[in-house]
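Below: final.csv (CSV, C-alpha atoms and all ligand atoms)
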chain,number,residue,atom,x,y,z
G,13,SER,CA,0.5,-1.1,-6.3
G,14,ARG,CA,2.2,0.5,-3.3
G,15,CYS,CA,0.9,3.5,-1.5
G,16,LEU,CA,2.9,6.6,-0.6
G,17,GLN,CA,1.9,8.3,2.6
G,18,ALA,CA,3.2,11.8,3.5
G,19,VAL,CA,3.1,12.6,7.2
G,20,TRP,CA,3.5,16.1,8.6
G,21,CYS,CA,6.1,15.9,11.3
G,22,GLY,CA,6.2,19.5,12.4
G,23,ARG,CA,9.2,21.2,13.8
G,24,HIS,CA,11.6,19.8,16.3
G,25,PRO,CA,10.6,21.4,19.7
G,26,ALA,CA,14.1,22.5,20.4
G,27,GLY,CA,14.5,24.0,17.0
G,28,GLY,CA,16.9,21.3,15.8
G,29,PRO,CA,16.9,19.7,12.4
G,30,SER,CA,13.8,17.8,11.7
G,31,PRO,CA,12.1,16.7,8.4
G,32,LEU,CA,8.9,18.7,7.8
G,33,TRP,CA,7.4,15.7,6.0
G,34,LYS,CA,8.1,12.1,6.3
G,35,VAL,CA,7.2,10.0,3.3
G,36,THR,CA,6.4,6.3,4.0
G,37,ILE,CA,5.8,3.6,1.5
G,38,MET,CA,2.9,1.7,2.9
G,39,PRO,CA,2.8,-2.1,2.4
G,40,ASP,CA,0.2,-3.5,0.1
G,41,THR,CA,-2.5,-5.5,1.9
G,42,THR,CA,-3.3,-7.8,-1.0
G,43,THR,CA,-1.3,-10.7,-2.4
G,44,ALA,CA,-0.8,-11.5,-6.1
G,45,ASN,CA,-3.9,-13.7,-6.1
G,46,GLY,CA,-6.1,-10.9,-4.8
G,47,LYS,CA,-6.4,-12.3,-1.2
G,48,ARG,CA,-5.5,-10.1,1.7
G,49,ARG,CA,-2.0,-10.6,2.9
G,50,PRO,CA,-2.1,-12.4,6.2
G,51,LEU,CA,-0.3,-10.8,9.2
G,52,VAL,CA,0.9,-12.8,12.2
G,53,MET,CA,1.8,-10.6,15.1
G,54,GLY,CA,3.2,-11.7,18.5
G,55,ASN,CA,2.2,-9.7,21.5
G,56,TRP,CA,4.8,-10.5,24.1
G,57,LYS,CA,3.0,-8.5,26.8
G,58,MET,CA,5.2,-7.8,29.8
G,59,ASN,CA,7.5,-10.8,29.2
G,60,GLY,CA,11.1,-10.9,28.2
G,61,ARG,CA,14.7,-10.5,29.2
G,62,LEU,CA,17.7,-9.7,27.1
G,63,ALA,CA,18.9,-13.3,26.9
G,64,ARG,CA,15.5,-14.8,26.4
G,65,ASN,CA,14.6,-12.3,23.7
G,66,GLU,CA,17.8,-13.0,21.8
G,67,ALA,CA,17.2,-16.7,21.9
G,68,LEU,CA,13.6,-16.4,20.8
G,69,LEU,CA,14.3,-13.9,17.9
G,70,THR,CA,17.3,-15.9,16.8
G,71,GLU,CA,15.1,-19.0,16.5
G,72,LEU,CA,12.3,-17.1,14.8
G,73,LYS,CA,14.7,-15.6,12.3
G,74,ALA,CA,16.0,-19.1,11.4
G,75,GLY,CA,12.6,-20.7,11.3
G,76,LEU,CA,11.0,-18.0,9.2
G,77,ALA,CA,13.9,-17.5,6.8
G,78,SER,CA,12.2,-19.0,3.8
G,79,GLY,CA,8.7,-19.9,2.7
G,80,PHE,CA,7.0,-16.9,4.4
G,81,ASP,CA,7.3,-14.2,1.7
G,82,ALA,CA,3.5,-14.1,1.2
G,83,ILE,CA,2.7,-13.1,4.8
G,84,ASP,CA,3.8,-10.4,7.2
G,85,VAL,CA,5.3,-11.4,10.5
G,86,ALA,CA,5.8,-9.1,13.4
G,87,VAL,CA,6.7,-9.2,17.1
G,88,CYS,CA,5.7,-6.6,19.8
G,89,PRO,CA,8.3,-6.8,22.6
G,90,PRO,CA,8.0,-4.6,25.7
G,91,ALA,CA,9.2,-1.0,25.0
G,92,PRO,CA,12.6,-1.3,26.6
G,93,TYR,CA,13.5,-4.1,24.3
G,94,LEU,CA,12.5,-2.5,21.0
G,95,GLY,CA,16.1,-1.4,20.3
G,96,GLN,CA,17.3,-4.9,20.9
G,97,ALA,CA,14.6,-6.3,18.7
G,98,SER,CA,15.5,-3.9,15.9
G,99,LYS,CA,19.1,-5.2,15.9
G,100,LEU,CA,18.2,-8.8,16.1
G,101,VAL,CA,15.6,-8.9,13.3
G,102,ALA,CA,17.8,-6.8,11.0
G,103,GLY,CA,18.2,-8.5,7.7
G,104,SER,CA,15.1,-10.6,8.1
G,105,ALA,CA,11.5,-10.1,7.1
G,106,ILE,CA,10.4,-9.9,10.7
G,107,THR,CA,9.1,-6.5,11.7
G,108,TYR,CA,8.4,-5.2,15.1
G,109,GLY,CA,5.8,-3.1,16.9
G,110,ALA,CA,5.1,-1.5,20.3
G,111,GLN,CA,2.3,-2.5,22.6
G,112,ASN,CA,1.2,1.0,23.5
G,113,LEU,CA,1.9,4.6,22.9
G,114,SER,CA,1.1,7.9,24.6
G,115,THR,CA,-1.5,10.3,23.3
G,116,GLU,CA,1.1,13.0,24.0
G,117,GLN,CA,4.4,14.0,22.5
G,118,ASP,CA,7.4,15.3,24.5
G,119,GLY,CA,6.8,16.8,27.9
G,120,ALA,CA,5.9,16.1,31.5
G,121,TYR,CA,4.3,12.7,31.1
G,122,THR,CA,6.3,10.5,33.4
G,123,GLY,CA,6.5,6.9,32.3
G,124,GLU,CA,4.9,7.4,28.9
G,125,VAL,CA,6.4,6.6,25.5
G,126,SER,CA,5.6,8.8,22.5
G,127,SER,CA,5.0,8.0,18.9
G,128,GLY,CA,8.1,10.0,18.0
G,129,MET,CA,10.2,7.8,20.3
G,130,LEU,CA,8.8,4.7,18.6
G,131,THR,CA,9.5,5.9,15.1
G,132,ASP,CA,13.0,6.8,16.2
G,133,LEU,CA,13.4,3.1,17.0
G,134,GLY,CA,12.2,2.0,13.6
G,135,VAL,CA,8.9,0.7,15.0
G,136,LYS,CA,6.4,-0.1,12.3
G,137,TRP,CA,3.2,-1.2,14.2
G,138,VAL,CA,1.6,-0.3,17.5
G,139,LEU,CA,-1.1,-2.1,19.4
G,140,VAL,CA,-3.9,0.3,20.4
G,141,GLY,CA,-6.7,-0.5,22.8
G,142,HIS,CA,-5.7,-4.0,23.8
G,143,SER,CA,-8.3,-5.3,26.2
G,144,GLU,CA,-5.7,-5.3,29.0
G,145,ARG,CA,-5.1,-1.6,28.4
G,146,ARG,CA,-8.8,-1.0,28.5
G,147,SER,CA,-9.6,-3.1,31.6
G,148,LEU,CA,-6.4,-2.6,33.7
G,149,TYR,CA,-5.5,1.0,32.7
G,150,GLY,CA,-8.8,2.5,32.1
G,151,GLU,CA,-8.5,3.2,28.4
G,152,THR,CA,-11.8,4.4,26.9
G,153,ASP,CA,-13.0,4.3,23.3
G,154,GLU,CA,-12.0,8.0,23.2
G,155,THR,CA,-8.4,7.3,24.4
G,156,VAL,CA,-8.2,4.5,21.8
G,157,ALA,CA,-9.4,6.8,19.0
G,158,LYS,CA,-6.8,9.5,20.1
G,159,LYS,CA,-4.0,7.0,20.2
G,160,THR,CA,-5.0,5.7,16.8
G,161,GLN,CA,-4.9,9.2,15.4
G,162,VAL,CA,-1.5,9.9,17.0
G,163,ALA,CA,-0.1,6.7,15.6
G,164,LEU,CA,-1.3,7.4,12.1
G,165,GLU,CA,0.1,11.0,12.2
G,166,ALA,CA,3.5,9.5,13.0
G,167,GLY,CA,3.3,7.0,10.2
G,168,LEU,CA,2.9,4.0,12.6
G,169,ILE,CA,0.4,1.4,11.7
G,170,PRO,CA,-2.1,1.1,14.6
G,171,VAL,CA,-3.4,-2.4,15.3
G,172,VAL,CA,-6.7,-1.4,16.9
G,173,CYS,CA,-8.0,-4.1,19.2
G,174,ILE,CA,-11.7,-4.6,20.0
G,175,GLY,CA,-13.6,-7.4,21.6
G,176,GLU,CA,-16.5,-8.3,23.9
G,177,THR,CA,-16.4,-9.8,27.4
G,178,LEU,CA,-17.9,-13.2,28.2
G,179,GLU,CA,-20.8,-11.5,29.9
G,180,GLU,CA,-21.4,-9.3,26.9
G,181,ARG,CA,-21.5,-12.3,24.7
G,182,LYS,CA,-23.8,-14.2,27.0
G,183,THR,CA,-26.3,-11.3,27.1
G,184,GLY,CA,-26.2,-11.1,23.3
G,185,ASP,CA,-24.5,-7.8,23.2
G,186,THR,CA,-21.4,-8.8,21.1
G,187,GLU,CA,-22.4,-6.8,18.1
G,188,VAL,CA,-23.5,-3.8,20.1
G,189,VAL,CA,-20.2,-3.6,21.9
G,190,LEU,CA,-18.1,-4.2,18.8
G,191,ALA,CA,-20.0,-1.6,16.8
G,192,ARG,CA,-19.4,0.9,19.6
G,193,GLN,CA,-15.7,0.2,19.7
G,194,LEU,CA,-15.4,0.3,16.0
G,195,ASP,CA,-17.5,3.4,15.5
G,196,ALA,CA,-15.2,5.2,18.0
G,197,VAL,CA,-12.2,4.8,15.6
G,198,LEU,CA,-14.0,5.1,12.3
G,199,PRO,CA,-13.8,8.9,12.1
G,200,VAL,CA,-10.0,8.5,12.4
G,201,LEU,CA,-9.6,5.5,10.1
G,202,GLY,CA,-12.1,6.4,7.5
G,203,SER,CA,-9.8,8.7,5.6
G,204,GLN,CA,-6.9,6.2,5.6
G,205,PRO,CA,-5.9,3.6,3.0
G,206,ALA,CA,-6.4,0.0,4.2
G,207,SER,CA,-2.7,-0.4,4.4
G,208,ALA,CA,-2.4,2.3,7.1
G,209,PHE,CA,-4.2,0.3,9.9
G,210,VAL,CA,-5.1,-3.2,11.1
G,211,LEU,CA,-8.1,-4.2,13.1
G,212,ALA,CA,-7.8,-7.1,15.7
G,213,TYR,CA,-10.9,-8.9,16.9
G,214,GLU,CA,-10.0,-10.2,20.3
G,215,PRO,CA,-12.9,-11.6,22.4
G,216,VAL,CA,-11.8,-10.9,25.9
G,217,TRP,CA,-13.0,-14.3,27.1
G,218,ALA,CA,-10.5,-16.0,24.7
G,219,ILE,CA,-7.4,-14.0,25.7
G,220,GLY,CA,-5.0,-16.0,27.8
G,221,THR,CA,-7.7,-18.4,28.8
G,222,GLY,CA,-7.1,-21.3,26.5
G,223,LEU,CA,-10.6,-20.8,25.1
G,224,THR,CA,-10.6,-20.0,21.4
G,225,ALA,CA,-13.5,-18.7,19.4
G,226,THR,CA,-14.6,-21.4,16.9
G,227,PRO,CA,-13.6,-20.6,13.3
G,228,GLU,CA,-17.3,-20.0,12.7
G,229,GLN,CA,-17.7,-17.6,15.6
G,230,ALA,CA,-14.6,-15.7,14.5
G,231,GLN,CA,-15.8,-15.5,10.9
G,232,GLU,CA,-19.2,-14.3,11.9
G,233,VAL,CA,-17.7,-11.4,13.8
G,234,HIS,CA,-15.1,-10.6,11.2
G,235,ARG,CA,-17.8,-10.5,8.5
G,236,PHE,CA,-19.8,-8.2,10.8
G,237,LEU,CA,-16.9,-5.8,11.2
G,238,ARG,CA,-16.0,-5.8,7.5
G,239,ASP,CA,-19.7,-5.1,6.6
G,240,ARG,CA,-19.8,-2.3,9.2
G,241,LEU,CA,-16.6,-0.8,7.7
G,242,ALA,CA,-18.3,-0.9,4.3
G,243,SER,CA,-21.7,0.4,5.4
G,244,SER,CA,-19.9,3.3,7.1
G,245,GLY,CA,-18.8,4.4,3.7
G,246,TYR,CA,-15.3,3.1,3.9
G,247,ALA,CA,-14.3,2.3,0.4
G,248,GLN,CA,-11.5,-0.1,1.1
G,249,ALA,CA,-13.3,-2.5,3.5
G,250,GLN,CA,-12.4,-5.4,1.3
G,251,GLU,CA,-8.7,-4.6,1.6
G,252,ALA,CA,-8.6,-3.9,5.4
G,253,ARG,CA,-6.9,-6.6,7.4
G,254,ILE,CA,-8.8,-8.0,10.4
G,255,LEU,CA,-6.8,-10.3,12.7
G,256,TYR,CA,-8.2,-12.7,15.2
G,257,GLY,CA,-6.7,-12.9,18.7
G,258,GLY,CA,-7.5,-15.2,21.6
G,259,SER,CA,-5.5,-18.3,22.5
G,260,VAL,CA,-4.3,-18.8,18.9
G,261,LYS,CA,-1.8,-21.6,18.7
G,262,ALA,CA,-0.1,-23.7,16.0
G,263,ALA,CA,-2.9,-26.4,16.4
G,264,ASN,CA,-5.8,-24.1,15.7
G,265,ALA,CA,-4.3,-21.3,13.5
G,266,GLY,CA,-4.9,-23.1,10.2
G,267,GLU,CA,-8.6,-23.5,10.6
G,268,LEU,CA,-9.1,-19.9,12.0
G,269,PHE,CA,-7.0,-18.3,9.2
G,270,ALA,CA,-8.8,-20.4,6.6
G,271,GLN,CA,-12.0,-18.3,7.3
G,272,PRO,CA,-12.6,-15.9,4.5
G,273,ASP,CA,-12.6,-12.7,6.6
G,274,VAL,CA,-9.8,-13.7,9.1
G,275,ASP,CA,-6.6,-12.2,7.9
G,276,GLY,CA,-4.1,-13.6,10.4
G,277,GLY,CA,-3.7,-13.5,14.1
G,278,LEU,CA,-2.6,-11.5,17.1
G,279,VAL,CA,-0.9,-14.0,19.3
G,280,GLY,CA,-0.1,-13.6,23.0
G,281,GLY,CA,1.2,-16.6,25.0
G,282,ALA,CA,2.1,-18.8,21.9
G,283,SER,CA,4.2,-16.0,20.5
G,284,LEU,CA,6.8,-16.6,23.3
G,285,VAL,CA,7.4,-20.2,22.1
G,286,ALA,CA,9.4,-20.2,18.8
G,287,ASN,CA,8.0,-23.4,17.4
G,288,GLU,CA,4.4,-22.4,18.2
G,289,PHE,CA,4.8,-19.0,16.6
G,290,ILE,CA,6.4,-20.5,13.5
G,291,GLY,CA,3.6,-23.1,13.4
G,292,ILE,CA,1.1,-20.2,13.5
G,293,ALA,CA,2.9,-18.4,10.7
G,294,LYS,CA,2.7,-21.7,8.7
G,295,GLY,CA,-1.1,-21.7,9.2
G,296,ALA,CA,-1.2,-18.2,7.7
G,297,VAL,CA,0.8,-19.3,4.7
G,298,ALA,CA,-1.5,-22.4,4.3
G,299,SER,CA,-4.6,-20.1,4.4
G,300,LEU,CA,-3.5,-18.5,1.1
G,301,GLY,CA,-3.9,-21.9,-0.6
G,302,ALA,CA,-7.3,-22.5,1.0
G,401,LIG,C1,-3.3,-11.1,23.2
G,401,LIG,O1,-2.8,-10.8,24.2
G,401,LIG,O2,-3.5,-10.3,22.3
G,401,LIG,C2,-3.7,-12.5,23.1
G,401,LIG,C3,-4.5,-12.8,22.1
G,401,LIG,O3,-3.3,-13.4,24.0
G,401,LIG,P1,-3.4,-15.0,24.0
G,401,LIG,O4,-2.9,-15.4,22.6
G,401,LIG,O5,-2.4,-15.5,25.0
G,401,LIG,O6,-4.8,-15.4,24.3
For the file at hand, write its structure as structure tokens.
Ligand code: PEP
Amino acid sequence: SRCLQAVWCGRHPAGGPSPLWKVTIMPDTTTANGKRRPLVMGNWKMNGRLARNEALLTELKAGLASGFDAIDVAVCPPAPYLGQASKLVAGSAITYGAQNLSTEQDGAYTGEVSSGMLTDLGVKWVLVGHSERRSLYGETDETVAKKTQVALEAGLIPVVCIGETLEERKTGDTEVVLARQLDAVLPVLGSQPASAFVLAYEPVWAIGTGLTATPEQAQEVHRFLRDRLASSGYAQAQEARILYGGSVKAANAGELFAQPDVDGGLVGGASLVANEFIGIAKGAVASLGA
């Protein structure tokens, strides 16, 4: 069962031709055996150059060419390379996303990239509220909710990132923090089908540190988030995909993704190494048999 989503696009600001509605076929989040379809997404952060990107995507295309139909694989290059990525992944099952988007559309917002620009480039996913955006660029829960809404209105699939710091975990505030971050986006996500968004649990203490949450720690939080989605009245909590992020690599992906509420991974450092990323995708495929 595939879901049709109609998005109001409005009029072109300059009065030019523009579709009034854009109809998108949303991907299903469940596999034939009723499990959620895993998603493995690479966040390249501010890394890449034309030649390096081409080498990496060429290797990924070859390495992921067969045996990965049951999962979704995506890369999120820096914005200037989205056009390059679109050409390089053409004809493969690899999709691509952006790492950020503006809350605004066209106008005097120097340095910003709008949702319309991303959809022009064929972008499918967009990270929202990554902990680096929250801690380094002052993004608040309100900004994250607004960006999530803007992404949804454009037909982009927001990958909403939430996670606690080490200090918050140590003081026993993990669930309080996650509840606050999730509740901020629930009014926006609550009316959406599960295929329209993704959640990513990324403990800040595990991002880029080499420290990974244990599979049990990840499962505990993922279950908490799914339960909270359900108790908020969200009817598709069982279909919503919740990724784990934080030092995922080929060696630990299998045991993380085998957890019942972990639906794949958001991968930083290891997504820049073709064999690692392919190994992580294999872990996601293996989790379907678990
Ligand atoms: C990330 O940036 O989303 C991330 C999880 O990074 P890393 O895998 O390097 O910890």
> Closest to Ser78 (chain G) among G:Leu164, G:Val297, G:Leu223, G:Val172, using only C-alpha atoms?
Replying inline: G:Val297
>> ligand LIG 401 (chain G): which residues are within 8 Å, counting all atoms listed in the file? Reply as a PyMOL selection string.
In response: chain G and resi 54-57+142-144+214+218-224+256-261+278-283
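Within 8 Å of the point (-9.1, -17.1, 14.4), counting only C-alpha atoms, the protein and nucleic acid residues come to G:Thr224, G:Ala225, G:Thr226, G:Pro227, G:Ala230, G:Gln231, G:Leu255, G:Tyr256, G:Gly257, G:Gly258, G:Val260, G:Asn264, G:Ala265, G:Glu267, G:Leu268, G:Phe269, G:Gln271, G:Val274, G:Gly276, G:Gly277.
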>> Quick one: residues within 8 Å of Ala105 (chain G), all atoms listed in the file, excluding same-chain residues fewer than 3 positions away - as a list in words?
In response: Ala77, Asp81, Asp84, Val85 and Val101 of chain G
>> From the options G:Thr41, G:Gln193, G:Thr115, G:Thr70, which residue's atoms come nearest to Ala82 (chain G), counting all atoms listed in the file?
In response: G:Thr41
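Residues within 10 Å of region 160-162 of chain G, counting only C-alpha atoms and excluding same-chain residues fewer than 6 positions away, are Leu113, Ser114, Thr115, Glu116, Gln117, Ser126, Ser127, Gly128, Val138, Leu139, Val140, Gly141, Glu154, Leu168, Ile169, Pro170, Val171, Val172, Val197, Pro199, Val200, Leu201 and Phe209 of chain G.
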For those residues, write C-alpha atoms to a file as a PDB file, in the frame of the given file.
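Written file, result35.pdb:
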ATOM      1  CA  LEU G 113       1.900   4.600  22.900  1.00  0.00           C
ATOM      2  CA  SER G 114       1.100   7.900  24.600  1.00  0.00           C
ATOM      3  CA  THR G 115      -1.500  10.300  23.300  1.00  0.00           C
ATOM      4  CA  GLU G 116       1.100  13.000  24.000  1.00  0.00           C
ATOM      5  CA  GLN G 117       4.400  14.000  22.500  1.00  0.00           C
ATOM      6  CA  SER G 126       5.600   8.800  22.500  1.00  0.00           C
ATOM      7  CA  SER G 127       5.000   8.000  18.900  1.00  0.00           C
ATOM      8  CA  GLY G 128       8.100  10.000  18.000  1.00  0.00           C
ATOM      9  CA  VAL G 138       1.600  -0.300  17.500  1.00  0.00           C
ATOM     10  CA  LEU G 139      -1.100  -2.100  19.400  1.00  0.00           C
ATOM     11  CA  VAL G 140      -3.900   0.300  20.400  1.00  0.00           C
ATOM     12  CA  GLY G 141      -6.700  -0.500  22.800  1.00  0.00           C
ATOM     13  CA  GLU G 154     -12.000   8.000  23.200  1.00  0.00           C
ATOM     14  CA  LEU G 168       2.900   4.000  12.600  1.00  0.00           C
ATOM     15  CA  ILE G 169       0.400   1.400  11.700  1.00  0.00           C
ATOM     16  CA  PRO G 170      -2.100   1.100  14.600  1.00  0.00           C
ATOM     17  CA  VAL G 171      -3.400  -2.400  15.300  1.00  0.00           C
ATOM     18  CA  VAL G 172      -6.700  -1.400  16.900  1.00  0.00           C
ATOM     19  CA  VAL G 197     -12.200   4.800  15.600  1.00  0.00           C
ATOM     20  CA  PRO G 199     -13.800   8.900  12.100  1.00  0.00           C
ATOM     21  CA  VAL G 200     -10.000   8.500  12.400  1.00  0.00           C
ATOM     22  CA  LEU G 201      -9.600   5.500  10.100  1.00  0.00           C
ATOM     23  CA  PHE G 209      -4.200   0.300   9.900  1.00  0.00           C
TER      24      PHE G 209
END
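Distances to Arg49 (chain G) were evaluated for G:Asp195, G:Asp273, G:Glu71, G:Glu124 using only C-alpha atoms, and the minimum falls at G:Asp273.
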List every protein, DNA or RNA residue that has at least one atom no more than 10 Å from (8.9, -16.7, 17.7) in the file's coordinates, counting all atoms listed in the file, and write the result as a compact mmCIF listing (two decimals) with C-alpha atoms, keeping the file's coordinate frame.
# COMPACT_ATOMS: atom_id res chain seq x y z
CA MET G 53 1.80 -10.60 15.10
CA GLY G 54 3.20 -11.70 18.50
CA TRP G 56 4.80 -10.50 24.10
CA ASN G 65 14.60 -12.30 23.70
CA ALA G 67 17.20 -16.70 21.90
CA LEU G 68 13.60 -16.40 20.80
CA LEU G 69 14.30 -13.90 17.90
CA THR G 70 17.30 -15.90 16.80
CA GLU G 71 15.10 -19.00 16.50
CA LEU G 72 12.30 -17.10 14.80
CA LYS G 73 14.70 -15.60 12.30
CA ALA G 74 16.00 -19.10 11.40
CA GLY G 75 12.60 -20.70 11.30
CA LEU G 76 11.00 -18.00 9.20
CA VAL G 85 5.30 -11.40 10.50
CA ALA G 86 5.80 -9.10 13.40
CA VAL G 87 6.70 -9.20 17.10
CA ILE G 106 10.40 -9.90 10.70
CA ALA G 282 2.10 -18.80 21.90
CA SER G 283 4.20 -16.00 20.50
CA LEU G 284 6.80 -16.60 23.30
CA VAL G 285 7.40 -20.20 22.10
CA ALA G 286 9.40 -20.20 18.80
CA ASN G 287 8.00 -23.40 17.40
CA GLU G 288 4.40 -22.40 18.20
CA PHE G 289 4.80 -19.00 16.60
CA ILE G 290 6.40 -20.50 13.50
CA GLY G 291 3.60 -23.10 13.40
CA ILE G 292 1.10 -20.20 13.50
CA ALA G 293 2.90 -18.40 10.70
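A straight line drawn from CA of Lys99 (chain G) to CA of Lys294 (chain G) is 24.4 Å long.
Note that CA of Val156 (chain G) and CA of Ser244 (chain G) are 18.8 Å apart.
Distances here use all atoms listed in the file; by that measure, the residue among G:Leu300, G:Leu178, G:Ala63, G:Ala91 closest to Tyr108 (chain G) is G:Ala91.
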>> Which residues are near region 237-241 of chain G? Cut-off 10 Å, only C-alpha atoms, ignore same chain within fewer than 2 positions. Put them as a list of chain:residue names.
In response: G:Glu187, G:Leu190, G:Ala191, G:Leu194, G:Asp195, G:Leu198, G:Leu201, G:Gly202, G:Leu211, G:Tyr213, G:Gln231, G:Glu232, G:Val233, G:His234, G:Arg235, G:Ser243, G:Ser244, G:Gly245, G:Tyr246, G:Ala247, G:Gln248, G:Ala249, G:Gln250, G:Glu251, G:Ala252, G:Arg253, G:Ile254, G:Asp273
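One finds CA of Gly109 (chain G) at 16.3 Å from CA of Glu66 (chain G).
Each of G:Asp118, G:Ala206, G:Thr183, G:Gly103 was checked against Ala242 (chain G) using only C-alpha atoms; the smallest atom-to-atom distance is that of G:Ala206.
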